[in-house]
Every structure is written in C-alpha cells, then in structure tokens.
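Trainee: Got a structure for you, upload-v8.txt, holding compact mmCIF, C-alpha atoms and all ligand atoms.
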```txt
# COMPACT_ATOMS: atom_id res chain seq x y z
CA MET A 115 108.42 145.05 118.63
CA SER A 116 107.23 141.73 119.99
CA SER A 117 105.81 138.39 119.04
CA VAL A 118 102.34 137.46 120.28
CA ILE A 119 101.41 133.97 121.37
CA LEU A 120 97.96 132.63 122.19
CA ARG A 121 98.29 129.31 124.00
CA ASP A 122 95.23 127.07 124.44
CA ILE A 123 92.92 130.05 124.62
CA VAL A 124 89.25 129.45 125.35
CA LYS A 125 86.69 132.23 125.71
CA ARG A 126 83.22 131.51 127.00
CA PHE A 127 80.41 134.02 127.46
CA HIS A 128 78.13 132.22 129.93
CA GLN A 129 77.19 128.96 128.12
CA PHE A 130 78.41 130.14 124.73
CA THR A 131 81.95 129.35 123.59
CA ALA A 132 83.15 132.16 121.30
CA VAL A 133 86.74 130.88 121.02
CA HIS A 134 87.54 127.17 121.12
CA ARG A 135 91.01 126.17 122.32
CA THR A 136 93.13 128.32 120.04
CA THR A 137 96.90 128.25 119.79
CA LEU A 138 98.51 130.79 117.54
CA GLU A 139 101.95 132.32 117.12
CA ILE A 140 102.38 135.74 115.58
CA GLU A 141 106.01 136.41 114.77
CA ASP A 142 107.84 139.57 115.67
CA GLY A 143 107.32 142.17 112.94
CA ALA A 144 104.76 140.15 110.97
CA PHE A 145 101.50 141.40 109.52
CA VAL A 146 99.02 138.70 110.48
CA THR A 147 95.33 138.79 109.58
CA LEU A 148 92.48 137.09 111.38
CA LEU A 149 90.02 136.41 108.57
CA GLY A 150 86.55 134.93 108.84
CA PRO A 151 82.83 135.65 108.64
CA SER A 152 81.00 137.84 111.12
CA GLY A 153 80.68 136.20 114.53
CA CYS A 154 83.60 133.76 114.16
CA GLY A 155 85.51 135.24 117.10
CA LYS A 156 88.00 137.63 115.48
CA THR A 157 87.23 140.63 117.70
CA THR A 158 87.10 138.43 120.79
CA ASN A 159 90.66 137.25 120.09
CA LEU A 160 91.85 140.78 119.47
CA ARG A 161 90.21 142.07 122.65
CA MET A 162 91.92 139.34 124.65
CA ILE A 163 95.32 140.31 123.19
CA ALA A 164 94.52 143.94 124.02
CA GLY A 165 93.55 143.14 127.59
CA LEU A 166 89.96 144.33 127.15
CA LEU A 167 88.68 140.81 127.80
CA ASP A 168 90.03 138.03 130.01
CA PRO A 169 90.42 134.59 128.47
CA THR A 170 88.44 131.88 130.25
CA GLU A 171 91.37 129.51 129.84
CA GLY A 172 94.86 129.67 128.40
CA GLU A 173 97.76 132.07 128.23
CA ILE A 174 98.64 135.13 126.23
CA LEU A 175 102.28 136.09 125.76
CA ILE A 176 103.57 139.34 124.32
CA GLY A 177 107.28 139.08 123.73
CA ASP A 178 108.38 136.52 126.32
CA LYS A 179 106.01 137.83 128.93
CA ARG A 180 102.77 136.31 130.09
CA VAL A 181 100.30 139.20 130.07
CA ASN A 182 97.09 137.60 131.38
CA ASP A 183 97.28 139.76 134.48
CA VAL A 184 98.80 142.84 132.88
CA PRO A 185 96.20 145.63 132.45
CA ILE A 186 95.62 147.17 129.03
CA HIS A 187 97.54 150.40 129.65
CA LYS A 188 100.67 148.46 130.62
CA ARG A 189 100.71 146.31 127.47
CA ASN A 190 102.11 149.03 125.17
CA LEU A 191 99.73 148.36 122.30
CA GLY A 192 98.44 150.53 119.49
CA ILE A 193 94.76 149.90 118.83
CA VAL A 194 92.51 151.04 115.98
CA PHE A 195 88.90 150.01 115.76
CA GLN A 196 86.39 150.34 112.94
CA ASN A 197 84.71 153.38 114.51
CA TYR A 198 87.90 155.26 115.09
CA ALA A 199 86.45 157.46 117.84
CA LEU A 200 88.70 160.49 117.88
CA PHE A 201 88.03 162.98 120.67
CA PRO A 202 85.83 165.58 118.95
CA HIS A 203 86.78 168.49 121.24
CA LYS A 204 90.51 167.98 120.88
CA THR A 205 92.54 169.06 117.87
CA VAL A 206 94.17 166.46 115.68
CA ALA A 207 97.53 167.12 117.33
CA GLU A 208 95.97 166.77 120.80
CA ASN A 209 94.31 163.53 119.71
CA VAL A 210 97.60 162.11 118.49
CA ALA A 211 99.45 163.35 121.57
CA PHE A 212 96.97 161.73 123.95
CA GLY A 213 98.81 158.45 124.47
CA LEU A 214 102.12 160.26 124.97
CA LYS A 215 100.75 162.58 127.67
CA TYR A 216 99.19 159.60 129.34
CA ARG A 217 102.59 157.91 129.39
CA ASP A 218 104.32 160.96 130.85
CA VAL A 219 106.47 161.59 127.81
CA PRO A 220 108.24 164.95 128.36
CA LYS A 221 106.51 167.94 126.75
CA SER A 222 109.65 168.82 124.79
CA GLU A 223 109.44 165.49 122.98
CA ILE A 224 105.71 165.38 122.30
CA GLU A 225 105.47 167.92 119.51
CA GLY A 226 108.21 166.28 117.44
CA ARG A 227 106.76 162.80 117.82
CA VAL A 228 103.24 163.96 116.91
CA GLN A 229 104.58 165.65 113.80
CA LYS A 230 106.52 162.52 112.85
CA ALA A 231 103.37 160.40 113.18
CA LEU A 232 101.36 162.88 111.08
CA ASP A 233 104.09 162.84 108.43
CA LEU A 234 104.00 159.06 108.38
CA VAL A 235 100.26 158.97 107.65
CA GLN A 236 100.82 161.70 105.04
CA LEU A 237 98.76 164.37 106.78
CA PRO A 238 101.55 166.69 107.92
CA ASP A 239 99.48 169.88 107.99
CA VAL A 240 96.26 169.04 109.84
CA GLY A 241 97.50 169.13 113.45
CA GLY A 242 95.58 172.31 114.28
CA ARG A 243 92.25 171.16 112.89
CA TYR A 244 89.40 169.39 114.63
CA PRO A 245 88.39 165.84 113.60
CA LYS A 246 85.03 166.94 112.16
CA ALA A 247 86.87 169.06 109.59
CA LEU A 248 88.47 165.91 108.15
CA SER A 249 87.07 163.27 105.79
CA GLY A 250 86.43 159.70 106.99
CA GLY A 251 89.64 158.49 105.41
CA GLN A 252 91.66 161.28 106.99
CA GLN A 253 90.13 160.61 110.40
CA GLN A 254 91.09 156.98 110.05
CA ARG A 255 94.69 157.99 109.29
CA ILE A 256 94.69 160.13 112.41
CA ALA A 257 93.45 157.19 114.43
CA LEU A 258 96.38 155.23 113.02
CA ALA A 259 98.80 158.05 113.85
CA ARG A 260 97.46 158.08 117.41
CA ALA A 261 98.04 154.34 117.67
CA ILE A 262 101.61 154.34 116.33
CA VAL A 263 102.92 157.52 117.96
CA ILE A 264 103.53 155.63 121.22
CA GLU A 265 105.80 153.18 119.36
CA PRO A 266 103.72 150.18 120.38
CA ASP A 267 105.11 146.66 120.65
CA VAL A 268 102.05 145.40 118.78
CA LEU A 269 99.48 147.13 116.57
CA LEU A 270 95.92 145.77 116.79
CA LEU A 271 93.57 146.74 113.97
CA ASP A 272 89.91 145.68 114.04
CA GLU A 273 88.29 146.17 110.62
CA PRO A 274 89.85 149.61 110.42
CA LEU A 275 88.94 150.11 106.76
CA SER A 276 85.39 148.82 106.69
CA ALA A 277 83.74 152.20 107.31
CA LEU A 278 85.42 153.67 104.21
CA ASP A 279 83.98 153.53 100.70
CA ALA A 280 85.42 151.09 98.17
CA ASN A 281 88.03 153.24 96.37
CA LEU A 282 89.37 154.82 99.50
CA ARG A 283 89.52 151.42 101.16
CA GLU A 284 91.83 150.13 98.42
CA ASP A 285 94.10 153.16 98.72
CA MET A 286 94.22 152.80 102.49
CA ARG A 287 95.19 149.13 102.19
CA VAL A 288 98.34 150.07 100.35
CA GLU A 289 98.96 152.97 102.70
CA LEU A 290 98.52 150.91 105.85
CA LYS A 291 100.80 148.19 104.56
CA ARG A 292 103.44 150.78 103.64
CA ILE A 293 103.33 152.29 107.13
CA GLN A 294 103.51 148.88 108.79
CA GLU A 295 106.56 147.93 106.72
CA ARG A 296 108.20 151.28 107.40
CA ILE A 297 107.96 150.97 111.18
CA GLY A 298 108.14 147.17 111.24
CA VAL A 299 105.58 146.82 114.02
CA THR A 300 104.03 143.41 114.71
CA THR A 301 100.45 143.80 113.47
CA VAL A 302 97.29 141.80 114.09
CA PHE A 303 94.68 142.87 111.56
CA VAL A 304 91.08 141.72 111.66
CA THR A 305 88.84 141.60 108.60
CA HIS A 306 86.03 139.61 107.01
CA ASP A 307 87.20 140.76 103.56
CA GLN A 308 89.23 138.06 101.82
CA SER A 309 90.75 140.33 99.19
CA GLU A 310 91.96 142.69 101.91
CA ALA A 311 93.54 139.76 103.73
CA LEU A 312 95.19 138.38 100.59
CA ALA A 313 96.57 141.76 99.59
CA MET A 314 98.04 142.81 102.93
CA SER A 315 99.10 139.85 105.03
CA ASP A 316 102.32 137.95 105.62
CA LYS A 317 100.16 135.29 107.21
CA ILE A 318 96.42 134.68 107.27
CA VAL A 319 94.57 132.91 110.06
CA VAL A 320 91.29 131.68 108.59
CA MET A 321 88.64 131.28 111.28
CA SER A 322 85.19 129.75 111.43
CA ALA A 323 82.84 129.46 114.40
CA GLY A 324 85.50 130.16 117.03
CA ARG A 325 88.09 127.81 115.56
CA VAL A 326 91.18 128.25 113.43
CA GLU A 327 90.63 126.49 110.09
CA GLN A 328 94.02 127.19 108.57
CA VAL A 329 97.12 129.32 109.04
CA GLY A 330 99.32 130.13 106.07
CA SER A 331 100.66 132.67 103.64
CA PRO A 332 98.10 134.22 101.27
CA ALA A 333 99.26 131.88 98.50
CA GLU A 334 99.03 128.83 100.78
CA VAL A 335 95.50 129.44 102.02
CA TYR A 336 94.40 130.40 98.52
CA ASN A 337 96.02 127.57 96.57
CA THR A 338 95.95 124.76 99.10
CA PRO A 339 92.89 125.25 101.27
CA ALA A 340 92.87 122.91 104.26
CA SER A 341 89.09 122.57 104.26
CA GLU A 342 86.03 123.14 102.16
CA PHE A 343 85.25 126.15 104.31
CA VAL A 344 88.58 127.78 103.44
CA ALA A 345 88.18 126.90 99.75
CA ASN A 346 84.85 128.70 99.64
CA PHE A 347 85.64 131.60 101.94
CA LEU A 348 88.65 132.72 99.91
CA GLY A 349 86.76 133.06 96.65
CA ALA A 350 84.41 130.81 94.72
CA SER A 351 85.42 127.16 94.35
CA ASN A 352 83.96 124.08 92.75
CA ILE A 353 84.08 121.09 95.06
CA LEU A 354 83.92 117.92 92.97
CA PRO A 355 83.42 114.40 94.29
CA ALA A 356 86.26 112.00 93.42
CA LYS A 357 88.00 108.82 94.49
CA VAL A 358 91.68 108.32 95.23
CA ALA A 359 93.15 105.95 92.65
CA GLY A 360 96.73 106.03 93.97
CA ARG A 361 99.84 108.15 94.19
CA ASP A 362 102.86 108.47 91.98
CA GLY A 363 105.87 110.77 91.55
CA GLU A 364 103.67 113.52 90.18
CA GLY A 365 101.12 113.54 92.95
CA ALA A 366 97.76 112.09 93.90
CA ARG A 367 95.88 110.34 91.16
CA LEU A 368 92.16 111.01 91.51
CA GLU A 369 89.20 109.76 89.58
CA ALA A 370 86.71 112.63 89.45
CA ASP A 371 83.07 111.66 88.94
CA LEU A 372 82.55 114.32 86.27
CA PHE A 373 85.94 114.51 84.61
CA GLY A 374 87.71 111.14 84.94
CA PRO A 375 91.42 110.92 85.89
CA VAL A 376 93.08 114.04 87.37
CA THR A 377 96.58 114.03 88.91
CA VAL A 378 96.79 116.68 91.65
CA PRO A 379 100.33 117.90 92.53
CA ALA A 380 101.57 116.30 95.77
CA GLU A 381 101.90 119.64 97.62
CA ARG A 382 98.25 120.38 96.87
CA ALA A 383 97.07 117.03 98.17
CA ALA A 384 99.02 116.93 101.44
CA THR A 385 96.02 116.24 103.69
CA LEU A 386 94.61 113.52 101.46
CA ASP A 387 94.27 110.04 102.98
CA GLY A 388 95.67 107.01 101.21
CA ALA A 389 92.49 105.82 99.58
CA GLY A 390 88.75 106.25 99.47
CA ALA A 391 86.63 109.30 98.85
CA ALA A 392 88.13 112.69 98.08
CA LYS A 393 87.10 116.16 97.02
CA LEU A 394 88.67 117.92 94.11
CA VAL A 395 88.84 121.68 94.70
CA LEU A 396 88.87 123.84 91.60
CA ARG A 397 88.75 127.63 91.77
CA ALA A 398 86.09 129.25 89.61
CA GLU A 399 88.74 131.36 87.84
CA LYS A 400 90.63 128.19 86.88
CA LEU A 401 87.68 126.65 85.04
CA LEU A 402 87.85 127.81 81.46
CA LEU A 403 84.98 127.94 78.97
CA ARG A 404 85.97 127.33 75.36
CA PRO A 405 84.34 126.22 72.10
CA GLN A 406 82.66 122.83 72.16
CA ASP A 407 85.08 121.05 69.80
CA THR A 408 88.42 122.34 71.20
CA PRO A 409 91.10 119.56 71.25
CA ALA A 410 92.15 118.42 74.75
CA ASP A 411 95.77 119.79 74.67
CA GLY A 412 96.72 118.55 78.14
CA MET A 413 93.71 120.00 79.91
CA VAL A 414 90.98 118.01 81.59
CA SER A 415 87.69 118.78 79.90
CA ALA A 416 84.00 117.96 79.61
CA PRO A 417 81.05 119.17 77.52
CA ALA A 418 78.85 121.70 79.31
CA THR A 419 75.88 123.99 78.83
CA VAL A 420 75.90 127.65 79.87
CA GLU A 421 73.11 128.37 82.35
CA THR A 422 73.71 131.90 83.53
CA VAL A 423 75.99 134.72 82.46
CA ASP A 424 76.87 137.43 84.93
CA TYR A 425 78.82 140.19 83.22
CA GLN A 426 81.28 141.88 85.59
CA GLY A 427 83.24 144.24 83.35
CA GLN A 428 86.69 142.67 82.99
CA THR A 429 85.42 139.20 83.82
CA VAL A 430 82.27 137.13 83.37
CA ARG A 431 80.89 134.77 85.97
CA TYR A 432 79.22 131.74 84.40
CA PHE A 433 77.19 128.97 85.89
CA VAL A 434 77.43 125.95 83.62
CA ARG A 435 75.92 122.50 83.80
CA VAL A 436 78.01 119.36 83.34
CA GLY A 437 75.69 116.35 83.53
CA GLU A 438 73.59 116.97 86.65
CA THR A 439 76.13 119.24 88.31
CA GLN A 440 76.33 123.01 88.27
CA LEU A 441 79.81 124.52 88.19
CA GLN A 442 80.98 128.07 88.50
CA ALA A 443 83.55 129.68 86.21
CA ILE A 444 85.01 133.20 86.29
CA ASN A 445 86.74 134.01 83.00
CA MET A 446 88.43 137.05 81.52
CA ILE A 447 86.46 138.45 78.62
CA ASP A 448 88.09 137.67 75.31
CA GLY A 449 85.72 138.82 72.58
CA SER A 450 82.05 138.47 73.43
CA PRO A 451 80.97 136.25 76.32
CA TYR A 452 79.22 132.95 75.80
CA ALA A 453 75.41 133.10 75.84
CA GLU A 454 72.88 131.38 78.05
CA GLY A 455 71.92 128.00 76.60
CA GLN A 456 75.11 127.70 74.53
CA ALA A 457 76.91 124.34 74.35
CA VAL A 458 80.58 124.74 75.33
CA GLN A 459 83.52 122.83 76.70
CA VAL A 460 84.80 123.44 80.23
CA ALA A 461 88.46 122.70 80.84
CA PHE A 462 91.10 123.03 83.56
CA GLN A 463 94.73 122.18 84.33
CA PRO A 464 95.28 119.44 86.93
CA LYS A 465 98.08 121.56 88.44
CA ASP A 466 95.47 124.19 89.41
CA CYS A 467 93.46 121.73 91.51
CA ALA A 468 93.78 120.89 95.17
CA ALA A 469 92.48 117.73 96.85
CA LEU A 470 90.84 117.23 100.23
CA PRO A 471 89.88 114.01 101.99
CA GLY A 472 86.27 112.97 102.40
CA ALA A 473 83.03 112.58 100.51
P1 LIG O 501 83.70 138.67 114.91
O1 LIG O 501 84.57 139.78 115.36
O2 LIG O 501 84.45 137.57 114.21
O3 LIG O 501 82.54 139.13 114.08
P2 LIG O 501 83.12 138.39 117.74
O4 LIG O 501 84.45 138.01 118.30
O5 LIG O 501 82.68 139.78 117.91
O6 LIG O 501 83.05 137.97 116.20
O7 LIG O 501 82.02 137.45 118.38
C1 LIG O 501 82.13 136.05 118.39
C2 LIG O 501 80.89 135.47 119.02
O8 LIG O 501 80.87 135.78 120.41
C3 LIG O 501 79.60 136.00 118.44
O9 LIG O 501 78.67 134.95 118.38
C4 LIG O 501 79.18 137.06 119.44
O10 LIG O 501 77.78 137.19 119.46
C5 LIG O 501 79.68 136.46 120.74
N1 LIG O 501 80.02 137.52 121.73
C6 LIG O 501 80.96 138.48 121.57
N2 LIG O 501 81.03 139.28 122.65
C7 LIG O 501 80.09 138.81 123.53
C8 LIG O 501 79.68 139.20 124.84
N3 LIG O 501 80.25 140.23 125.47
N4 LIG O 501 78.70 138.46 125.42
C9 LIG O 501 78.14 137.42 124.80
N5 LIG O 501 78.48 136.99 123.56
C10 LIG O 501 79.45 137.68 122.92
MG MG O 502 84.43 141.83 114.93
```
Please lay out the structure from this file as structure tokens.
Mentor:
Amino acid sequence: MSSVILRDIVKRFHQFTAVHRTTLEIEDGAFVTLLGPSGCGKTTNLRMIAGLLDPTEGEILIGDKRVNDVPIHKRNLGIVFQNYALFPHKTVAENVAFGLKYRDVPKSEIEGRVQKALDLVQLPDVGGRYPKALSGGQQQRIALARAIVIEPDVLLLDEPLSALDANLREDMRVELKRIQERIGVTTVFVTHDQSEALAMSDKIVVMSAGRVEQVGSPAEVYNTPASEFVANFLGASNILPAKVAGRDGEGARLEADLFGPVTVPAERAATLDGAGAAKLVLRAEKLLLRPQDTPADGMVSAPATVETVDYQGQTVRYFVRVGETQLQAINMIDGSPYAEGQAVQVAFQPKDCAALPGA
C-alpha cells in the first residue's frame, strides 16, 4: 500500500491545458474520489498516475518514490476502466491470472491467488467460464479481481460502475467499498456521479475545468461547499444574495435580501470575508414548505407561491417564488403535496446554511 502525491502537475495537450497546476495528496489506504463533470480532467489525472500519460510539468510520487520516469508495468498498480475489456478468448481464471504470469509469479502460487481474488469478488465458481457467459456486473467484478490479484500498491478505478444499470450500480458500490476496506488498498476512484462519491469516499476531490475546487470528506464538501460550483454540483442549492452584518460568538451574521437576518455557524462561513457582499447557500432539501400561517418557531421564513411540483415518489421537488426570486425545495412527502399556485410559507434553519464571499 502506498500514498500518492501529485505535486504542481500541469497537463497540456498542444495549446489546451487539461490540468492546471494541481497538488493533491492521497493518503495510504484511503478511498479518494475525483469528482466532476465530463471533461474536467479526471481521467487525465488518473492516466498520469497510471503512467499512461506524461505530465507536462510537476511530479508524481507513489509511496516515497518519484515515478515520472517509471513505466506503467513497474508501478504495481491495479487499474479498472469503464469498459472493462476482459480478454474474450481467455477463461475467467486466465484473465485474472494474466497480471501474475506477466510478473513471473510461480505457477504453484497462481491458482491459489486467482481463487482468492474470485472469492473476494464473490464469484468463486466462474473460473472456467468465458467472459461472454457472464453478465455485465459479473464481468466488472472479474475486472476488479484481475486488478487486485497482483496486490497492487494503488488501485485506480475510472468510472468502473457507469456501464451498469441503476440497481446493479448501487449494489456494486457497496461491494466495491467492502472489498477496498477488506484489502485496505489505496484507491483513486473517478466518477461524475455525486451520490456515488458521497456514498463511497473517505475524501472527495471536486474538480472543474482542470482545477481542484475543493478537497474534503463527503460531509465537508456537502455541508460547507467552498464555491458556488461545489454547492451546485453536489446536489441542488439555492444561492441567495446577502450582506455581511458582522460576526459574533455564534457565527457570521448575514442580512439576506429575501429573508432578513440569518446567523450562519462559524464553521460554515470559514471563507467569508469580514464585510461586504456574501452568498447564502441553502440546500434544496433544507428549504421546507409549510402552511402559510405557521408561527416562526426559530426558523427563518418568508411567504411564497408554489410554481411547479415535481413528484418523485418519496420526495417532491418544488419550485417556489419568493418575491421575484425562484427557489428550489426538495421535501419528503407528508400527506398530499402542495399544489401549483398555492400560497405557502418557506422556512429553513440558519444552522443548515453555509456562506460564501462575493456578490
Ligand atoms: P474527464 O475524465 O473528467 O471527463 P478528461 O481527463 O478525459 O476528462 O479530459 C479533460 C480534457 O482534456 C477534455 O477537454 C478532453 O477533451 C481533453 N483531452 C483529454 N485527452 C486528450 C488528448 N489525448 N488530446 C487532446 N485533448 C485531450
Ligand atoms: Mg473520464
């Protein structure tokens, strides 16, 4: 097992800069996810760690060793890509054994290690079959077995679940996380799916346009987004204009244009400047619709009109209008949902807000 460090990494393709000066430390044994929209540079970073691409500038360290000039087959990595590309003319066991043969592991050892890897991915009995006889999910498990059988220092996973259908994907999330914890291998996982990242990671690296926007635990990036981009990428947020009125023991006192005074807890307003314009960040699931005349009871509230109702089964997504502003609310269904055109009250707890600097 090893840590991975990217130090001042830049990657340019001709004129185009795909990765802007990135520094990142992935601790030994951690499950770290690179999360961001398509084209933000996730795969490029992973390919540089793998040794499939050379960085234009900067250093990559695996363990304590600089690996810029170490070829891929000497980096001892397990790699799984989205299109898991098993060898079709080899049996499952031969597929899994491939990396061991390549590394001159003695024949006497190979069979036992292959079986152990197949046991770990919970497909102990398929060694004699060919890949085409397996389902997509099973093939993906075999790809994982092939990656971990070599006991890699680092496991690199590039959207490994995205070719699977929704239910299977959720099962495989749990499975993959279980296997990673069992063997304790340092893992760099790439996805554009925020719920996948939140569910699986020790640490999430949120990326946008070749830059790191924020690094933190799932709770940190979710509750205290460092930018508007992060606030919106990890689920729907309302970004409300406000002014900083001061600070006290409880936190940052803001004056929100739509809602009046809101005190944001200090740890959720860490990047806020002393004074001036600010943005109040309020997650859609923290904005509650309730009857028009509900007493305030410690919540911040305002009258609103329901504009659209999007029924989602357990929850409803509302767009409501407060003054001239449209806000988004995702609420659990308790009785029947509010109707389009209905006058309601929207309310939230100040402790659920975060604050960012700027207009
Ligand atoms: P992601 O994995 O986050 O979707 P990529 O790392 O694949 O993004 O790509 C980042 C950017 O770099 C994209 O704009 C992509 O078009 C560009 N890019 C990736 N590989 C190459 C390449 N070999 N040549 C030119 N541009 C590339
Ligand atoms: Mg990619």
Trainee: Do you know which residues are at most 12 Å from Ser249 of chain A counting only C-alpha atoms, after dropping those on the same chain fewer than 3 positions away, and could you put them as a ChimeraX atom specification?
Mentor: /A:237,240,243-246,252-256,277-279,282
Trainee: All residues within 7 Å of ligand LIG 501 (chain O) are required, counting all atoms listed in the file; please report them as a CSV table (one decimal) with C-alpha atoms, in the coordinates of the input.
Mentor:
```
chain,number,residue,atom,x,y,z
A,127,PHE,CA,80.4,134.0,127.5
A,130,PHE,CA,78.4,130.1,124.7
A,132,ALA,CA,83.2,132.2,121.3
A,150,GLY,CA,86.6,134.9,108.8
A,151,PRO,CA,82.8,135.6,108.6
A,152,SER,CA,81.0,137.8,111.1
A,153,GLY,CA,80.7,136.2,114.5
A,154,CYS,CA,83.6,133.8,114.2
A,155,GLY,CA,85.5,135.2,117.1
A,156,LYS,CA,88.0,137.6,115.5
A,157,THR,CA,87.2,140.6,117.7
A,158,THR,CA,87.1,138.4,120.8
A,159,ASN,CA,90.7,137.2,120.1
A,324,GLY,CA,85.5,130.2,117.0
```
Trainee: Need to verify the contact set: Asn346 of chain A, 12 Å, all atoms listed in the file, exclusion of same-chain residues closer than 2 positions in sequence. Can you return it as a ChimeraX atom specification?
Mentor: /A:150-151,308,320,322,335-344,348-353,395-398,442
Trainee: I need the residue nearest ligand MG 502 (chain O) from this list: A:Ala261, A:Met321, A:Val304, A:Ile119. Use only C-alpha atoms and all ligand atoms for the distance.
Mentor: A:Val304
Trainee: Of the candidates A:Thr305, A:Ser116, A:Asn445, A:Thr170, which shows the shortest atom-to-atom distance to ligand MG 502 (chain O), using only C-alpha atoms and all ligand atoms?
Mentor: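 Using only C-alpha atoms and all ligand atoms, ligand MG 502 (chain O) sits closest to A:Thr305.
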Trainee: Between atom CA of Pro471 of chain A and atom CA of Gly360 of chain A, what is the distance in Å, rounded to a tenth?
Mentor: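 Atom-to-atom, atom CA of Pro471 of chain A to atom CA of Gly360 of chain A, that is 13.2 Å.
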Trainee: Mind listing whatever residues come within 9 Å of the point (76.0, 118.8, 82.9)? Use all atoms listed in the file, file coordinates, and give them as a PyMOL selection string.
Mentor: chain A and resi 372+416-419+434-441
Trainee: Determine, counting all atoms listed in the file, which protein, DNA and RNA residues have an atom within 8 Å of an atom of Ala211 of chain A; residues of the same chain fewer than 6 positions away are not included. Present the result as a PDB file with C-alpha atoms, in the coordinates of the input.
Mentor:
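Generated output (out.pdb):
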```pdb
ATOM      1  CA  ILE A 224     105.710 165.380 122.300  1.00  0.00           C
ATOM      2  CA  GLU A 225     105.470 167.920 119.510  1.00  0.00           C
ATOM      3  CA  VAL A 228     103.240 163.960 116.910  1.00  0.00           C
ATOM      4  CA  ARG A 260      97.460 158.080 117.410  1.00  0.00           C
ATOM      5  CA  VAL A 263     102.920 157.520 117.960  1.00  0.00           C
TER       6      VAL A 263
END
```
Trainee: Between atom CA of Lys291 of chain A and atom CA of Leu248 of chain A, what is the distance, to one decimal in Å?
Mentor: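 Value for the atom CA of Lys291 of chain A-atom CA of Leu248 of chain A distance: 21.9 Å.
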Trainee: Tell me, in Å to one decimal, how far atom CA of Glu171 of chain A is from atom CA of Val124 of chain A.
Mentor: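 Those two atoms sit 5.0 Å apart.
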Trainee: Could you give me, as an MDAnalysis selection string, the residues that have an atom at most 12 Å away from the point (80.9, 142.8, 80.7) in the coordinates of the file, using only C-alpha atoms?
Mentor: chainID A and resid 423:432 444:452
Trainee: Excluding same-chain residues fewer than 2 positions from segment 207-210 of chain A, what lies within 7 Å of it counting all atoms listed in the file, as a list in words?
Mentor: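 Once the adjacent positions are removed, what remains is Leu200, Phe201, Lys204, Thr205, Phe212, Val228, Gly241, Gly242, Ala259 and Arg260 of chain A.
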Trainee: What lies within 6 Å of segment 183-195 of chain A using all atoms listed in the file, ignoring chain neighbours under 3 positions off, as a ChimeraX atom specification?
Mentor: /A:165,198,261-262,266-272,274
Trainee: Just to be explicit: take each residue in the selection above, keep C-alpha atoms, and write the result as a CSV table (one decimal), in the coordinates of the input.
Mentor:
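Listing of again_35.csv after writing:
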```csv
chain,number,residue,atom,x,y,z
A,165,GLY,CA,93.6,143.1,127.6
A,198,TYR,CA,87.9,155.3,115.1
A,261,ALA,CA,98.0,154.3,117.7
A,262,ILE,CA,101.6,154.3,116.3
A,266,PRO,CA,103.7,150.2,120.4
A,267,ASP,CA,105.1,146.7,120.6
A,268,VAL,CA,102.0,145.4,118.8
A,269,LEU,CA,99.5,147.1,116.6
A,270,LEU,CA,95.9,145.8,116.8
A,271,LEU,CA,93.6,146.7,114.0
A,272,ASP,CA,89.9,145.7,114.0
A,274,PRO,CA,89.8,149.6,110.4
```
Trainee: Which one of A:Arg404, A:Lys179, A:Lys357, A:Arg227 sits closest to Ala391 of chain A if you count all atoms listed in the file?
Mentor: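 The closest residue to Ala391 of chain A is A:Lys357.
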Trainee: Check the smallest atom-to-atom distance from each of A:Ile176, A:Arg126, A:Ser276, A:Val219 to ligand MG 502 (chain O) using all atoms listed in the file, then report the winner.
Mentor: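 Nearest to ligand MG 502 (chain O): A:Ser276.
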Trainee: Of the residues A:Thr408, A:Ile264, A:Leu470, A:Phe462, which is the one nearest to Thr385 of chain A, using all atoms listed in the file?
Mentor: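 Of the candidates, the smallest distance to Thr385 of chain A is held by A:Leu470.
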Trainee: May I ask which of the residues A:Leu214, A:Gly143, A:Ala247, A:His306 is the closest one to ligand MG 502 (chain O), counting only C-alpha atoms and all ligand atoms?
Mentor: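 When distances to ligand MG 502 (chain O) are compared using only C-alpha atoms and all ligand atoms, the smallest one comes from A:His306.
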Trainee: Could you add N, CA and C atoms to segment 390-401 of chain A and give me the result as an mmCIF file, in the frame of the given file?
Mentor:
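Dumped to part_2.cif:
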```cif
data_model
loop_
_atom_site.group_PDB
_atom_site.id
_atom_site.type_symbol
_atom_site.label_atom_id
_atom_site.label_comp_id
_atom_site.auth_asym_id
_atom_site.auth_seq_id
_atom_site.Cartn_x
_atom_site.Cartn_y
_atom_site.Cartn_z
ATOM 1 N N GLY A 390 90.132 105.931 99.137
ATOM 2 C CA GLY A 390 88.750 106.250 99.470
ATOM 3 C C GLY A 390 88.275 107.530 98.817
ATOM 4 N N ALA A 391 87.274 108.143 99.453
ATOM 5 C CA ALA A 391 86.630 109.300 98.850
ATOM 6 C C ALA A 391 87.496 110.547 99.000
ATOM 7 N N ALA A 392 87.385 111.438 98.039
ATOM 8 C CA ALA A 392 88.130 112.690 98.080
ATOM 9 C C ALA A 392 87.296 113.790 97.453
ATOM 10 N N LYS A 393 87.745 115.022 97.671
ATOM 11 C CA LYS A 393 87.100 116.160 97.020
ATOM 12 C C LYS A 393 88.147 116.888 96.201
ATOM 13 N N LEU A 394 87.796 117.147 94.970
ATOM 14 C CA LEU A 394 88.670 117.920 94.110
ATOM 15 C C LEU A 394 88.229 119.375 94.218
ATOM 16 N N VAL A 395 89.168 120.265 94.544
ATOM 17 C CA VAL A 395 88.840 121.680 94.700
ATOM 18 C C VAL A 395 89.373 122.438 93.484
ATOM 19 N N LEU A 396 88.477 123.114 92.814
ATOM 20 C CA LEU A 396 88.870 123.840 91.600
ATOM 21 C C LEU A 396 88.305 125.255 91.673
ATOM 22 N N ARG A 397 89.185 126.238 91.706
ATOM 23 C CA ARG A 397 88.750 127.630 91.770
ATOM 24 C C ARG A 397 87.964 128.018 90.528
ATOM 25 N N ALA A 398 86.952 128.841 90.733
ATOM 26 C CA ALA A 398 86.090 129.250 89.610
ATOM 27 C C ALA A 398 86.907 129.929 88.513
ATOM 28 N N GLU A 399 87.960 130.659 88.884
ATOM 29 C CA GLU A 399 88.740 131.360 87.840
ATOM 30 C C GLU A 399 89.705 130.434 87.116
ATOM 31 N N LYS A 400 89.780 129.167 87.570
ATOM 32 C CA LYS A 400 90.630 128.190 86.880
ATOM 33 C C LYS A 400 89.822 127.262 85.965
ATOM 34 N N LEU A 401 88.523 127.462 85.929
ATOM 35 C CA LEU A 401 87.680 126.650 85.040
ATOM 36 C C LEU A 401 87.378 127.503 83.804
#
```
